[in-house]
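So this block is entry_9.csv, CSV, C-alpha atoms:
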chain,number,residue,atom,x,y,z
B,1,MET,CA,39.7,79.2,74.7
B,2,ALA,CA,43.5,79.3,74.9
B,3,THR,CA,45.3,77.7,77.8
B,4,VAL,CA,49.0,77.8,79.0
B,5,GLU,CA,50.1,75.4,81.7
B,6,LEU,CA,53.2,75.9,83.7
B,7,ARG,CA,54.7,73.4,86.2
B,8,PHE,CA,57.7,74.1,88.3
B,9,SER,CA,59.6,72.5,91.1
B,10,ALA,CA,58.8,74.1,94.5
B,11,GLN,CA,61.8,76.4,94.6
B,12,PRO,CA,61.3,80.1,95.4
B,13,GLU,CA,63.5,81.2,92.5
B,14,HIS,CA,60.9,79.8,90.0
B,15,VAL,CA,58.1,82.1,91.4
B,16,ARG,CA,59.6,85.0,89.4
B,17,THR,CA,59.3,83.0,86.2
B,18,ALA,CA,55.7,82.3,86.9
B,19,ARG,CA,55.0,86.0,87.4
B,20,LEU,CA,56.7,86.9,84.1
B,21,VAL,CA,54.8,84.2,82.2
B,22,ALA,CA,51.5,85.3,83.8
B,23,ALA,CA,52.0,88.9,82.9
B,24,ALA,CA,52.9,88.1,79.3
B,25,VAL,CA,49.9,85.8,78.8
B,26,ALA,CA,47.6,88.4,80.5
B,27,ARG,CA,48.9,91.1,78.2
B,28,ARG,CA,48.2,88.9,75.2
B,29,ALA,CA,44.7,88.1,76.5
B,30,GLY,CA,43.9,91.8,76.6
B,31,VAL,CA,44.0,92.5,80.4
B,32,ASP,CA,44.3,96.2,80.9
B,33,GLU,CA,47.9,97.5,81.3
B,34,ALA,CA,47.0,99.2,84.6
B,35,VAL,CA,46.0,95.8,86.0
B,36,LEU,CA,49.2,93.8,85.0
B,37,ASP,CA,51.0,94.8,88.2
B,38,GLU,CA,48.1,93.3,90.2
B,39,VAL,CA,48.3,90.1,88.1
B,40,ARG,CA,52.0,89.8,88.8
B,41,LEU,CA,51.7,90.4,92.5
B,42,ALA,CA,48.7,88.1,92.9
B,43,VAL,CA,50.4,85.3,91.0
B,44,GLY,CA,53.6,85.8,93.0
B,45,GLU,CA,51.7,85.5,96.3
B,46,ALA,CA,49.8,82.4,95.1
B,47,CYS,CA,52.9,80.7,93.8
B,48,SER,CA,54.9,81.6,96.9
B,49,ARG,CA,52.2,80.1,99.1
B,50,ALA,CA,52.1,76.9,97.0
B,51,VAL,CA,55.9,76.7,97.2
B,52,GLY,CA,55.9,77.2,100.9
B,53,LEU,CA,53.2,74.5,101.4
B,54,HIS,CA,55.1,72.0,99.3
B,55,ARG,CA,58.4,72.6,101.1
B,56,SER,CA,57.0,72.6,104.6
B,57,ASN,CA,55.1,69.4,103.9
B,58,GLY,CA,57.8,67.6,102.0
B,59,VAL,CA,55.8,67.4,98.8
B,60,GLY,CA,58.0,66.7,95.8
B,61,THR,CA,55.6,67.2,93.0
B,62,PRO,CA,55.6,70.5,90.9
B,63,VAL,CA,53.5,73.5,91.6
B,64,ARG,CA,50.9,73.9,88.8
B,65,VAL,CA,49.9,77.2,87.2
B,66,VAL,CA,47.1,77.2,84.5
B,67,LEU,CA,46.5,80.4,82.6
B,68,THR,CA,43.3,80.5,80.6
B,69,GLU,CA,42.1,83.1,78.1
B,70,GLU,CA,38.4,83.1,77.5
B,71,GLU,CA,36.3,85.4,75.4
B,72,LYS,CA,36.1,88.2,78.0
B,73,THR,CA,37.9,86.7,81.0
B,74,PHE,CA,41.5,85.9,81.8
B,75,SER,CA,41.9,83.4,84.7
B,76,ILE,CA,44.8,81.9,86.6
B,77,GLU,CA,44.7,78.8,88.8
B,78,VAL,CA,47.6,78.0,91.1
B,79,GLY,CA,47.5,74.6,92.5
B,80,ASP,CA,49.4,72.8,95.2
B,81,GLU,CA,49.3,69.1,96.1
B,82,VAL,CA,49.2,69.4,99.8
B,83,PRO,CA,46.0,67.6,101.1
B,84,GLY,CA,43.8,69.8,103.2
B,85,ALA,CA,46.3,72.6,103.6
B,86,GLY,CA,45.0,76.1,103.7
B,87,VAL,CA,41.3,75.3,104.5
B,88,ALA,CA,41.5,77.2,107.9
B,89,ALA,CA,43.4,80.1,106.3
B,90,ALA,CA,40.9,80.3,103.5
B,91,ASP,CA,38.0,80.3,106.0
B,92,ALA,CA,39.8,83.0,108.1
B,93,ALA,CA,40.4,85.2,105.1
B,94,GLY,CA,36.7,85.0,104.2
B,95,VAL,CA,37.4,83.5,100.8
B,96,PRO,CA,34.4,81.5,99.5
B,97,GLY,CA,34.6,78.2,97.7
B,98,GLU,CA,36.7,76.0,99.9
B,99,ARG,CA,35.8,72.3,100.1
B,100,ASP,CA,35.3,70.4,103.3
B,101,ALA,CA,38.6,68.9,104.3
B,102,ALA,CA,40.4,68.4,107.6
B,103,PRO,CA,43.2,70.9,108.0
B,104,ALA,CA,46.7,69.7,108.7
B,105,PRO,CA,47.8,69.4,112.3
B,106,ALA,CA,48.6,72.7,114.0
B,107,GLU,CA,52.2,71.7,114.7
B,108,ASP,CA,52.9,71.5,111.0
B,109,PHE,CA,51.9,75.1,110.4
B,110,ASP,CA,52.9,77.0,113.5
B,111,ASP,CA,54.4,79.9,111.6
B,112,ALA,CA,53.2,78.9,108.1
B,113,GLY,CA,49.6,79.3,109.1
B,114,GLY,CA,50.0,83.1,109.7
B,115,GLU,CA,51.9,83.5,106.5
B,116,ASP,CA,49.2,81.5,104.7
B,117,GLU,CA,46.4,83.7,106.0
B,118,MET,CA,48.4,86.8,105.1
B,119,GLY,CA,49.1,85.7,101.6
B,120,LEU,CA,45.4,84.9,101.0
B,121,ALA,CA,44.5,88.3,102.4
B,122,VAL,CA,46.9,90.0,100.0
B,123,ILE,CA,45.5,88.1,97.1
B,124,ARG,CA,42.0,89.0,98.1
B,125,GLY,CA,43.0,92.7,98.2
B,126,LEU,CA,44.5,92.5,94.7
B,127,VAL,CA,41.9,90.4,92.9
B,128,ASP,CA,38.1,91.0,92.9
B,129,ASP,CA,37.3,87.5,91.7
B,130,VAL,CA,39.0,84.8,93.8
B,131,GLU,CA,38.1,81.3,94.8
B,132,VAL,CA,40.1,79.2,97.1
B,133,SER,CA,39.6,75.4,97.5
B,134,ALA,CA,41.4,72.7,99.3
B,135,GLY,CA,40.7,69.0,99.5
B,136,GLU,CA,42.3,65.6,99.5
B,137,ASP,CA,44.2,66.2,96.2
B,138,GLY,CA,45.5,69.6,97.3
B,139,GLY,CA,44.5,73.2,97.0
B,140,THR,CA,43.8,75.7,94.3
B,141,ILE,CA,43.6,79.4,94.1
B,142,ARG,CA,41.6,80.6,91.1
B,143,MET,CA,41.8,84.3,90.1
B,144,SER,CA,40.2,86.1,87.2
B,145,TRP,CA,40.2,89.5,85.5
B,146,PRO,CA,38.2,91.0,82.7
B,147,ALA,CA,40.0,90.9,79.3
B,148,ASN,CA,39.4,92.5,76.0
B,149,PRO,CA,41.2,90.3,73.4
B,150,ASP,CA,40.5,92.8,70.6
B,151,ALA,CA,42.5,95.6,72.5
B,152,ALA,CA,45.5,93.3,72.7
B,153,LEU,CA,45.7,93.0,68.9
B,154,THR,CA,46.0,96.8,68.3
Kindly return the structure encoded in the file as structure tokens.
Amino acid sequence: MATVELRFSAQPEHVRTARLVAAAVARRAGVDEAVLDEVRLAVGEACSRAVGLHRSNGVGTPVRVVLTEEEKTFSIEVGDEVPGAGVAAADAAGVPGERDAAPAPAEDFDDAGGEDEMGLAVIRGLVDDVEVSAGEDGGTIRMSWPANPDAALT
């Protein structure tokens, strides 16, 4: 199992870099060329969501992206360090896998809550295998796609 980990400060301009790295690693892992645009878009949405959560909550730690190549699967985890954020949005988007946590107060997410739900809905539309979790240590969006490493070598 090969893993690439990327950490970047919560600045919108770094989201593009995360998309480019994700596409390059996905291609190397053997993800079908026709799916690479979906990978880029999904990673962009997940990273933009994490950046927005960090900025709106004053979190100074980096956004974390972990790209993992397994035998027949390529997965990406995008993590934020905002405690409890996104639980209500994950529930509203019908995304399984969230942990029990108290959502942040509504006044902190007046507009961000709608954007959060929309971003999760877009990710759900792009990726068949998605898990969203949120807890005391922050939230994670895990996405995976089928991969054929042998096809990448040819």
Shortest contact to Arg124 of chain B, candidates B:Val51, B:Thr73, B:Ala147, B:Val39, atoms counted all atoms listed in the file, goes to B:Val39
Counting only C-alpha atoms, the residue of B:Ala34, B:Val65, B:Leu53, B:Ala134 that sits nearest Val15 of chain B: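 Ranking B:Ala34, B:Val65, B:Leu53, B:Ala134 by distance to Val15 of chain B, first place goes to B:Val65.
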Would you list the residues near (50.3, 89.9, 78.5) (no more than 12 Å away, in the coordinates of the file, using only C-alpha atoms) as a PyMOL selection string? chain B and resi 19-37+39-40+67-69+74+147-149+151-153
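Taking atom CA of Asp80 of chain B as the reference point, atom CA of Gln11 of chain B is found at 12.9 Å.
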Nearest to Glu117 of chain B among B:Val43, B:Thr17, B:Arg49, B:Pro83, with distances taken over all atoms listed in the file: which residue is it? B:Arg49
Expressed in Å to a single decimal, how great is the separation between atom CA of Arg64 of chain B and atom CA of Ala50 of chain B?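 According to the coordinates, atom CA of Arg64 of chain B and atom CA of Ala50 of chain B are separated by 8.8 Å.
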Pick out the closest residue to Ser9 of chain B from this set: B:Gly52, B:Gly44, B:Pro146, B:Gly84. Count only C-alpha atoms.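 Among the listed residues, B:Gly52 lies closest to Ser9 of chain B.
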List the spatial neighbours of Val122 of chain B as a list in words - criterion: any atom at most 9 Å away, only C-alpha atoms, same-chain residues fewer than 5 positions off excluded.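 In the requested form, the answer reads Leu41, Ala42, Glu45, Glu117 and Val127 of chain B.
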What's the separation between atom CA of Glu81 of chain B and atom CA of Val4 of chain B, in Å to one decimal place?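 Here the two named atoms are 19.2 Å from each other.
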Looking at all atoms listed in the file, which of B:Glu71, B:Val66, B:Ala2, B:Arg55 is the one that sits closest to Asp150 of chain B? B:Glu71
